[in-house]
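Content type compact mmCIF, C-alpha atoms and all ligand atoms, from the file model35.txt:
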```txt
# COMPACT_ATOMS: atom_id res chain seq x y z
CA MET M 15 0.00 0.00 0.00
CA GLY M 16 1.31 3.42 -0.96
CA ARG M 17 1.29 6.56 1.13
CA VAL M 18 -2.17 7.75 2.14
CA ALA M 19 -3.35 10.93 0.40
CA LEU M 20 -6.39 13.05 1.24
CA VAL M 21 -7.73 15.22 -1.57
CA THR M 22 -10.41 17.69 -0.50
CA GLY M 23 -13.05 18.27 -3.14
CA GLY M 24 -11.54 15.18 -4.70
CA THR M 25 -14.62 13.78 -6.43
CA ARG M 26 -15.15 16.31 -9.24
CA GLY M 27 -13.19 18.54 -11.60
CA ILE M 28 -9.57 19.23 -10.78
CA GLY M 29 -9.84 17.24 -7.55
CA GLU M 30 -11.01 14.15 -9.40
CA ALA M 31 -8.01 14.34 -11.74
CA ILE M 32 -5.70 14.69 -8.72
CA SER M 33 -7.33 11.75 -6.90
CA VAL M 34 -7.08 9.51 -9.96
CA GLY M 35 -3.52 10.63 -10.75
CA LEU M 36 -2.43 9.83 -7.20
CA LYS M 37 -4.14 6.44 -7.27
CA ASN M 38 -2.48 5.58 -10.58
CA ALA M 39 0.87 6.56 -9.06
CA GLY M 40 0.38 4.06 -6.24
CA TYR M 41 -1.04 6.23 -3.44
CA THR M 42 -3.94 5.11 -1.26
CA VAL M 43 -6.42 7.93 -1.82
CA ALA M 44 -9.32 9.32 0.21
CA ALA M 45 -11.43 11.81 -1.74
CA ASN M 46 -13.50 14.30 0.22
CA TYR M 47 -16.64 16.05 -1.02
CA GLY M 48 -19.18 18.46 0.43
CA GLY M 49 -22.72 17.58 -0.58
CA ASN M 50 -23.09 16.17 -4.08
CA ASP M 51 -23.74 12.52 -3.14
CA GLU M 52 -24.65 11.53 -6.67
CA ALA M 53 -21.37 12.77 -8.14
CA ALA M 54 -19.42 11.16 -5.29
CA LYS M 55 -21.14 7.80 -5.77
CA ALA M 56 -20.46 7.87 -9.52
CA PHE M 57 -16.84 8.86 -8.82
CA THR M 58 -16.30 5.91 -6.46
CA GLU M 59 -17.91 3.50 -8.91
CA ARG M 60 -15.70 4.84 -11.71
CA THR M 61 -12.43 4.94 -9.82
CA GLY M 62 -12.68 2.60 -6.82
CA ILE M 63 -11.55 5.51 -4.61
CA PRO M 64 -13.52 5.91 -1.35
CA ALA M 65 -15.33 9.23 -0.94
CA TYR M 66 -15.71 10.92 2.45
CA LYS M 67 -18.45 13.51 2.93
CA PHE M 68 -17.61 16.36 5.26
CA ASP M 69 -17.63 20.15 5.16
CA VAL M 70 -14.04 21.42 4.98
CA SER M 71 -15.13 24.75 6.46
CA ASP M 72 -16.24 23.04 9.70
CA PHE M 73 -13.21 22.63 11.99
CA GLU M 74 -14.70 19.92 14.23
CA ALA M 75 -16.13 17.95 11.31
CA VAL M 76 -12.70 17.92 9.67
CA GLN M 77 -10.94 16.68 12.83
CA THR M 78 -13.48 13.84 13.16
CA ALA M 79 -13.28 12.89 9.47
CA VAL M 80 -9.48 12.84 9.42
CA LYS M 81 -9.47 10.48 12.42
CA GLN M 82 -11.91 8.21 10.56
CA ILE M 83 -9.83 8.23 7.37
CA GLU M 84 -6.68 7.42 9.35
CA THR M 85 -8.48 4.53 11.06
CA ASP M 86 -9.69 3.23 7.71
CA LEU M 87 -6.59 3.76 5.57
CA GLY M 88 -3.62 4.73 7.76
CA PRO M 89 -1.84 7.99 8.56
CA ILE M 90 -2.33 10.78 6.04
CA GLU M 91 1.05 11.71 4.56
CA VAL M 92 -0.15 13.71 1.57
CA LEU M 93 -2.78 16.44 1.84
CA VAL M 94 -4.15 18.30 -1.16
CA ASN M 95 -6.33 21.26 -0.21
CA ASN M 96 -8.39 21.55 -3.37
CA ALA M 97 -12.02 22.08 -2.28
CA GLY M 98 -13.25 25.49 -3.30
CA ILE M 99 -16.32 27.49 -4.27
CA THR M 100 -17.16 30.78 -5.95
CA ARG M 101 -19.87 33.19 -4.82
CA ASP M 102 -19.22 36.07 -7.19
CA GLY M 103 -20.51 39.62 -7.00
CA THR M 104 -19.11 43.11 -6.91
CA MET M 105 -18.28 44.50 -3.48
CA HIS M 106 -21.20 46.96 -3.44
CA ARG M 107 -23.63 44.06 -3.99
CA MET M 108 -21.91 41.39 -1.89
CA ASP M 109 -23.55 40.40 1.37
CA PHE M 110 -21.53 39.06 4.29
CA SER M 111 -22.55 35.46 3.72
CA ARG M 112 -21.00 35.35 0.24
CA TRP M 113 -17.79 36.81 1.63
CA ASN M 114 -17.75 34.47 4.60
CA ASP M 115 -18.71 31.28 2.75
CA VAL M 116 -15.83 31.70 0.33
CA LEU M 117 -13.30 32.62 3.03
CA GLN M 118 -14.33 29.67 5.19
CA THR M 119 -14.51 27.10 2.40
CA ASN M 120 -11.45 28.17 0.42
CA LEU M 121 -9.08 29.47 3.11
CA SER M 122 -10.09 28.40 6.63
CA SER M 123 -10.39 24.88 5.22
CA CYS M 124 -6.63 24.85 4.69
CA PHE M 125 -6.15 25.54 8.41
CA ASN M 126 -8.78 22.97 9.40
CA THR M 127 -7.26 20.10 7.39
CA SER M 128 -3.61 20.99 7.92
CA ARG M 129 -4.17 21.32 11.66
CA ALA M 130 -5.65 17.81 11.68
CA VAL M 131 -2.65 16.19 9.97
CA ILE M 132 0.34 18.31 10.95
CA ASP M 133 1.12 16.68 14.31
CA GLY M 134 1.30 13.23 12.74
CA MET M 135 3.42 14.45 9.84
CA ARG M 136 5.85 16.14 12.24
CA GLN M 137 6.12 13.01 14.40
CA ARG M 138 6.77 10.78 11.39
CA GLY M 139 9.17 13.28 9.78
CA PHE M 140 7.43 13.25 6.42
CA GLY M 141 4.60 15.14 4.80
CA ARG M 142 3.48 16.75 1.56
CA ILE M 143 0.86 19.51 1.52
CA VAL M 144 -0.32 21.15 -1.70
CA ASN M 145 -2.81 24.01 -1.62
CA ILE M 146 -4.76 24.94 -4.74
CA GLY M 147 -4.70 28.70 -5.27
CA SER M 148 -5.82 30.55 -8.39
CA VAL M 149 -4.67 33.03 -11.01
CA ASN M 150 -7.44 35.26 -9.65
CA GLY M 151 -5.71 35.33 -6.29
CA GLN M 152 -2.53 36.47 -8.04
CA ALA M 153 -4.00 39.01 -10.45
CA GLY M 154 -7.34 39.91 -8.82
CA GLN M 155 -10.65 39.57 -10.68
CA TYR M 156 -13.71 41.75 -11.11
CA GLY M 157 -16.55 40.49 -8.91
CA GLN M 158 -14.31 38.30 -6.79
CA VAL M 159 -13.02 40.22 -3.77
CA ASN M 160 -13.96 37.19 -1.67
CA TYR M 161 -12.38 34.57 -3.94
CA ALA M 162 -9.25 36.64 -4.70
CA ALA M 163 -8.71 37.35 -0.99
CA ALA M 164 -9.07 33.68 -0.06
CA LYS M 165 -6.80 32.45 -2.86
CA SER M 166 -4.22 35.14 -2.18
CA GLY M 167 -4.37 34.19 1.51
CA ILE M 168 -3.51 30.61 0.56
CA LYS M 169 -0.20 31.83 -0.78
CA GLY M 170 0.82 33.39 2.53
CA PHE M 171 -0.49 30.37 4.43
CA THR M 172 1.65 28.12 2.21
CA LYS M 173 4.83 30.10 2.81
CA ALA M 174 4.39 30.37 6.57
CA LEU M 175 3.59 26.69 7.02
CA ALA M 176 6.48 25.76 4.71
CA LEU M 177 8.86 27.70 6.96
CA GLU M 178 7.51 26.05 10.11
CA SER M 179 7.63 22.56 8.60
CA ALA M 180 10.86 22.55 6.60
CA SER M 181 12.99 20.94 9.29
CA LYS M 182 10.47 18.12 9.76
CA GLY M 183 10.53 16.62 6.27
CA ILE M 184 7.28 18.32 5.33
CA THR M 185 6.96 20.41 2.17
CA VAL M 186 4.12 22.86 1.60
CA ASN M 187 3.48 24.26 -1.86
CA CYS M 188 0.80 25.99 -3.86
CA VAL M 189 -0.50 25.35 -7.37
CA ALA M 190 -2.26 28.33 -8.94
CA PRO M 191 -4.39 27.26 -11.90
CA GLY M 192 -5.71 29.58 -14.56
CA TYR M 193 -9.08 28.84 -16.17
CA VAL M 194 -9.69 25.09 -16.23
CA GLU M 195 -12.59 23.28 -17.85
CA THR M 196 -14.66 22.09 -14.87
CA ASP M 197 -18.20 22.66 -13.57
CA MET M 198 -16.93 25.82 -11.84
CA VAL M 199 -15.89 27.38 -15.15
CA ARG M 200 -18.83 25.90 -17.11
CA ALA M 201 -20.99 28.07 -14.83
CA VAL M 202 -19.43 31.22 -16.34
CA PRO M 203 -21.66 32.67 -19.12
CA GLN M 204 -20.43 31.58 -22.60
CA GLU M 205 -19.86 35.13 -23.85
CA VAL M 206 -17.71 35.94 -20.80
CA LEU M 207 -15.80 32.67 -21.20
CA GLN M 208 -15.03 33.38 -24.86
CA LYS M 209 -13.59 36.76 -23.84
CA ILE M 210 -11.49 35.08 -21.15
CA ILE M 211 -10.10 32.49 -23.61
CA LYS M 212 -8.92 35.37 -25.83
CA THR M 213 -6.70 36.51 -22.92
CA ILE M 214 -4.98 33.10 -22.67
CA PRO M 215 -1.89 33.05 -24.94
CA VAL M 216 -2.02 29.25 -25.28
CA GLY M 217 -5.51 29.76 -26.73
CA ARG M 218 -7.48 27.25 -24.69
CA LEU M 219 -8.77 26.47 -21.22
CA GLY M 220 -6.66 24.19 -19.06
CA THR M 221 -7.65 20.61 -18.37
CA PRO M 222 -7.89 19.06 -14.90
CA ASP M 223 -4.96 16.80 -15.86
CA ASP M 224 -2.82 19.88 -16.62
CA ILE M 225 -3.16 20.73 -12.92
CA ALA M 226 -3.01 17.19 -11.51
CA ARG M 227 0.39 16.55 -13.08
CA SER M 228 1.96 19.38 -11.10
CA VAL M 229 0.48 18.10 -7.84
CA LEU M 230 1.94 14.65 -8.49
CA TYR M 231 5.31 16.26 -9.10
CA LEU M 232 5.21 18.26 -5.87
CA VAL M 233 4.18 15.38 -3.63
CA ALA M 234 6.80 12.93 -4.92
CA ASP M 235 9.12 11.66 -2.16
CA GLU M 236 12.21 12.83 -4.07
CA ASN M 237 10.95 16.43 -4.34
CA SER M 238 11.96 17.32 -0.81
CA PHE M 239 13.73 20.53 -1.84
CA ILE M 240 10.69 22.30 -3.29
CA THR M 241 8.81 24.10 -0.53
CA GLY M 242 7.02 27.40 -0.14
CA SER M 243 6.67 27.61 -3.93
CA THR M 244 3.78 28.45 -6.17
CA ILE M 245 3.52 26.80 -9.58
CA SER M 246 1.36 28.89 -11.90
CA ILE M 247 -0.43 26.88 -14.59
CA ASN M 248 -2.44 29.30 -16.67
CA GLY M 249 -1.48 29.01 -20.33
CA GLY M 250 0.55 32.21 -20.06
CA GLN M 251 -2.43 34.33 -18.97
CA HIS M 252 -0.58 35.85 -16.03
CA MET M 253 3.19 35.93 -15.55
CA TYR M 254 5.19 37.46 -12.77
P1 LIG M 301 -15.60 21.99 -8.87
O1 LIG M 301 -16.70 22.94 -8.57
O2 LIG M 301 -15.62 21.25 -10.16
O3 LIG M 301 -15.48 20.90 -7.66
C1 LIG M 301 -15.37 21.37 -6.37
C2 LIG M 301 -15.13 20.22 -5.41
O4 LIG M 301 -14.99 20.79 -4.09
C3 LIG M 301 -16.28 19.25 -5.34
O5 LIG M 301 -15.79 17.95 -5.08
C4 LIG M 301 -17.08 19.76 -4.14
O6 LIG M 301 -17.88 18.78 -3.51
C5 LIG M 301 -15.95 20.19 -3.22
N1 LIG M 301 -16.41 21.12 -2.19
C6 LIG M 301 -16.95 22.36 -2.35
N2 LIG M 301 -17.26 22.89 -1.16
C7 LIG M 301 -16.91 21.96 -0.22
C8 LIG M 301 -17.00 21.91 1.19
N3 LIG M 301 -17.50 22.93 1.93
N4 LIG M 301 -16.54 20.80 1.83
C9 LIG M 301 -16.04 19.75 1.12
N5 LIG M 301 -15.92 19.76 -0.21
C10 LIG M 301 -16.37 20.84 -0.88
O7 LIG M 301 -14.26 22.83 -8.70
P2 LIG M 301 -12.93 22.88 -9.61
O8 LIG M 301 -12.45 21.51 -9.86
O9 LIG M 301 -13.17 23.79 -10.73
O10 LIG M 301 -11.94 23.63 -8.60
C11 LIG M 301 -11.09 22.93 -7.71
C12 LIG M 301 -10.18 23.95 -7.03
O11 LIG M 301 -9.40 24.62 -8.01
C13 LIG M 301 -10.93 25.03 -6.25
O12 LIG M 301 -10.21 25.35 -5.08
C14 LIG M 301 -10.93 26.19 -7.21
O13 LIG M 301 -11.06 27.41 -6.54
C15 LIG M 301 -9.58 26.02 -7.86
N6 LIG M 301 -9.46 26.67 -9.15
C16 LIG M 301 -10.29 26.30 -10.19
C17 LIG M 301 -10.16 26.91 -11.40
C18 LIG M 301 -10.99 26.55 -12.57
O14 LIG M 301 -10.86 27.21 -13.60
N7 LIG M 301 -11.82 25.53 -12.51
C19 LIG M 301 -9.16 27.98 -11.62
C20 LIG M 301 -8.35 28.26 -10.47
C21 LIG M 301 -8.51 27.63 -9.29
P3 LIG M 301 -19.39 18.47 -4.05
O15 LIG M 301 -19.19 17.63 -5.29
O16 LIG M 301 -20.02 17.72 -2.93
O17 LIG M 301 -20.02 19.78 -4.34
```
What's the C-alpha cells form of this structure?
Ligand code: NDP
Amino acid sequence: MGRVALVTGGTRGIGEAISVGLKNAGYTVAANYGGNDEAAKAFTERTGIPAYKFDVSDFEAVQTAVKQIETDLGPIEVLVNNAGITRDGTMHRMDFSRWNDVLQTNLSSCFNTSRAVIDGMRQRGFGRIVNIGSVNGQAGQYGQVNYAAAKSGIKGFTKALALESASKGITVNCVAPGYVETDMVRAVPQEVLQKIIKTIPVGRLGTPDDIARSVLYLVADENSFITGSTISINGGQHMY
C-alpha cells in the first residue's frame, strides 16, 4: 500500500483528476466532497476511490473525518487542499454570507485540514501539503473580492507553514491554476468565457490533468527541496 493521500473536493473537476492521478501513481487515496452525493457515488464506482463527505469549512467535522480516514486507511502523509467554491458579485452588492462562505470554504479549510494532519506528519518526519490557489488570487478579478482574498491568503499560508515545517521533512506548496474546464468554469456565461479564452496566450482552457500533473510532481518523495513555492499553470495568462 502506498502513502495515504487526502484530496479535499476530490470527487469532481480538478480534484477528481488529482485523486485519480495519485491512485495511478500508487497512493492510497481518500477523496473528500461536500454535498453532491450523486457525483461522489459515480466517482467511487468509476475509480474505486472511497469518498468521504464532510464540510471542509467546519473545523470539528474535519478533525473527526481525518481520524476516521486514518483509522480506515492509515496515517495521512499527503494532503491536497483543493475544495473550493465561488460566490461572485461586486463589493457593493456582496452580502456578508457570500464573503464568509468563500473565506471559510477556500481558506479556513486549509487551516482545518492541515491542523488535523500536521502533528502526525511532524512526528513521522514526512509530509506533503499542496494548496490549490488561483490566477485570480494572483492578479485579482472583477466580482471576486472574496475569492481573490481567499486564494491570495492561501499563498501566505503556504509560505508560513512551509517555513515552520521545513525541518520536519514536510513540504508545503501551492499550485495556482488559470481557467480550467470544470463545472466551476462551465458556470461562467459563454460570452464571458469566450472573452477570457482570448486573454490566454495558449488559446485554450486548461484541463484538470494539466493541474493534476503538477500536484503529483510536488508530492513525490524525491521532491523534498521544493517548498514554499507556487507553480502557476495558466497558459501564459498571467506571468510574474
Ligand atoms: P468543482 O466545482 O468542479 O469541484 C469542487 C469540489 O470541491 C467538489 O468535489 C465539491 O464537492 C468540493 N467542495 C466544495 N465545497 C466543499 C466543502 N465545503 N466541503 C467539502 N468539499 C467541498 O471545482 P474545480 O475543480 O473547478 O476547482 C477545484 C479547485 O481549483 C478550487 O479550489 C478552485 O477554486 C480552484 N481553481 C479552479 C479553477 C478553474 O478554472 N476551474 C481555476 C483556479 C482555481 P461536491 O461535489 O459535494 O459539491
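Atom O7 of ligand LIG 301 (chain M) is found 19.1 Å from CA of Phe125 in chain M.
Comparing the minimum interatomic distances between ligand LIG 301 (chain M) and each of M:Leu121, M:Met253, M:Val229, M:Ile28, counting only C-alpha atoms and all ligand atoms, we find that M:Ile28 sits nearest.
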Do a neighbour search on Thr104 in chain M at 8 Å with only C-alpha atoms, toss out local chain neighbours closer than 6 positions, and write the hits as a CSV table (one decimal) with C-alpha atoms, in the coordinates of the input.
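Result file follows (out-v6.csv):
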```csv
chain,number,residue,atom,x,y,z
M,156,TYR,CA,-13.7,41.8,-11.1
M,157,GLY,CA,-16.6,40.5,-8.9
M,158,GLN,CA,-14.3,38.3,-6.8
M,159,VAL,CA,-13.0,40.2,-3.8
```
8 Å shell around ligand LIG 301 (chain M) using all atoms listed in the file, listed as a compact mmCIF listing (two decimals) with C-alpha atoms, keeping the file's coordinate frame:
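Writing the result to result-v1.txt gives the following:
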```
# COMPACT_ATOMS: atom_id res chain seq x y z
CA THR M 22 -10.41 17.69 -0.50
CA GLY M 23 -13.05 18.27 -3.14
CA GLY M 24 -11.54 15.18 -4.70
CA THR M 25 -14.62 13.78 -6.43
CA ARG M 26 -15.15 16.31 -9.24
CA GLY M 27 -13.19 18.54 -11.60
CA ILE M 28 -9.57 19.23 -10.78
CA GLY M 29 -9.84 17.24 -7.55
CA GLU M 30 -11.01 14.15 -9.40
CA ASN M 46 -13.50 14.30 0.22
CA TYR M 47 -16.64 16.05 -1.02
CA GLY M 48 -19.18 18.46 0.43
CA GLY M 49 -22.72 17.58 -0.58
CA ASN M 50 -23.09 16.17 -4.08
CA ASP M 51 -23.74 12.52 -3.14
CA ALA M 53 -21.37 12.77 -8.14
CA ALA M 54 -19.42 11.16 -5.29
CA LYS M 67 -18.45 13.51 2.93
CA PHE M 68 -17.61 16.36 5.26
CA ASP M 69 -17.63 20.15 5.16
CA VAL M 70 -14.04 21.42 4.98
CA SER M 71 -15.13 24.75 6.46
CA ASP M 72 -16.24 23.04 9.70
CA ASN M 95 -6.33 21.26 -0.21
CA ASN M 96 -8.39 21.55 -3.37
CA ALA M 97 -12.02 22.08 -2.28
CA GLY M 98 -13.25 25.49 -3.30
CA ILE M 99 -16.32 27.49 -4.27
CA THR M 100 -17.16 30.78 -5.95
CA THR M 119 -14.51 27.10 2.40
CA ASN M 120 -11.45 28.17 0.42
CA ILE M 146 -4.76 24.94 -4.74
CA GLY M 147 -4.70 28.70 -5.27
CA SER M 148 -5.82 30.55 -8.39
CA VAL M 149 -4.67 33.03 -11.01
CA ASN M 150 -7.44 35.26 -9.65
CA TYR M 161 -12.38 34.57 -3.94
CA LYS M 165 -6.80 32.45 -2.86
CA ALA M 190 -2.26 28.33 -8.94
CA PRO M 191 -4.39 27.26 -11.90
CA GLY M 192 -5.71 29.58 -14.56
CA TYR M 193 -9.08 28.84 -16.17
CA VAL M 194 -9.69 25.09 -16.23
CA GLU M 195 -12.59 23.28 -17.85
CA THR M 196 -14.66 22.09 -14.87
CA ASP M 197 -18.20 22.66 -13.57
CA MET M 198 -16.93 25.82 -11.84
CA VAL M 199 -15.89 27.38 -15.15
CA LEU M 219 -8.77 26.47 -21.22
CA GLY M 220 -6.66 24.19 -19.06
CA PRO M 222 -7.89 19.06 -14.90
```
In Å and to one decimal, CA of Cys188 in chain M is distant from CA of Ile132 in chain M by 16.7 Å
Set the distance at 12 Å and use only C-alpha atoms: which residues neighbour Val189 in chain M once local chain neighbours fewer than 3 positions away are removed? I'd like the list as a PDB file with C-alpha atoms, in the coordinates of the input.
```
ATOM      1  CA  ILE M  28      -9.570  19.230 -10.780  1.00  0.00           C
ATOM      2  CA  ILE M  32      -5.700  14.690  -8.720  1.00  0.00           C
ATOM      3  CA  VAL M  94      -4.150  18.300  -1.160  1.00  0.00           C
ATOM      4  CA  ASN M  95      -6.330  21.260  -0.210  1.00  0.00           C
ATOM      5  CA  ASN M  96      -8.390  21.550  -3.370  1.00  0.00           C
ATOM      6  CA  ILE M 143       0.860  19.510   1.520  1.00  0.00           C
ATOM      7  CA  VAL M 144      -0.320  21.150  -1.700  1.00  0.00           C
ATOM      8  CA  ASN M 145      -2.810  24.010  -1.620  1.00  0.00           C
ATOM      9  CA  ILE M 146      -4.760  24.940  -4.740  1.00  0.00           C
ATOM     10  CA  GLY M 147      -4.700  28.700  -5.270  1.00  0.00           C
ATOM     11  CA  SER M 148      -5.820  30.550  -8.390  1.00  0.00           C
ATOM     12  CA  VAL M 149      -4.670  33.030 -11.010  1.00  0.00           C
ATOM     13  CA  GLY M 151      -5.710  35.330  -6.290  1.00  0.00           C
ATOM     14  CA  GLN M 152      -2.530  36.470  -8.040  1.00  0.00           C
ATOM     15  CA  LYS M 165      -6.800  32.450  -2.860  1.00  0.00           C
ATOM     16  CA  SER M 166      -4.220  35.140  -2.180  1.00  0.00           C
ATOM     17  CA  ILE M 168      -3.510  30.610   0.560  1.00  0.00           C
ATOM     18  CA  LYS M 169      -0.200  31.830  -0.780  1.00  0.00           C
ATOM     19  CA  THR M 172       1.650  28.120   2.210  1.00  0.00           C
ATOM     20  CA  VAL M 186       4.120  22.860   1.600  1.00  0.00           C
ATOM     21  CA  GLY M 192      -5.710  29.580 -14.560  1.00  0.00           C
ATOM     22  CA  ASP M 224      -2.820  19.880 -16.620  1.00  0.00           C
ATOM     23  CA  ILE M 225      -3.160  20.730 -12.920  1.00  0.00           C
ATOM     24  CA  ALA M 226      -3.010  17.190 -11.510  1.00  0.00           C
ATOM     25  CA  ARG M 227       0.390  16.550 -13.080  1.00  0.00           C
ATOM     26  CA  SER M 228       1.960  19.380 -11.100  1.00  0.00           C
ATOM     27  CA  VAL M 229       0.480  18.100  -7.840  1.00  0.00           C
ATOM     28  CA  LEU M 230       1.940  14.650  -8.490  1.00  0.00           C
ATOM     29  CA  TYR M 231       5.310  16.260  -9.100  1.00  0.00           C
ATOM     30  CA  LEU M 232       5.210  18.260  -5.870  1.00  0.00           C
ATOM     31  CA  VAL M 233       4.180  15.380  -3.630  1.00  0.00           C
ATOM     32  CA  THR M 241       8.810  24.100  -0.530  1.00  0.00           C
ATOM     33  CA  GLY M 242       7.020  27.400  -0.140  1.00  0.00           C
ATOM     34  CA  SER M 243       6.670  27.610  -3.930  1.00  0.00           C
ATOM     35  CA  THR M 244       3.780  28.450  -6.170  1.00  0.00           C
ATOM     36  CA  ILE M 245       3.520  26.800  -9.580  1.00  0.00           C
ATOM     37  CA  SER M 246       1.360  28.890 -11.900  1.00  0.00           C
ATOM     38  CA  ILE M 247      -0.430  26.880 -14.590  1.00  0.00           C
ATOM     39  CA  ASN M 248      -2.440  29.300 -16.670  1.00  0.00           C
TER      40      ASN M 248
END
```
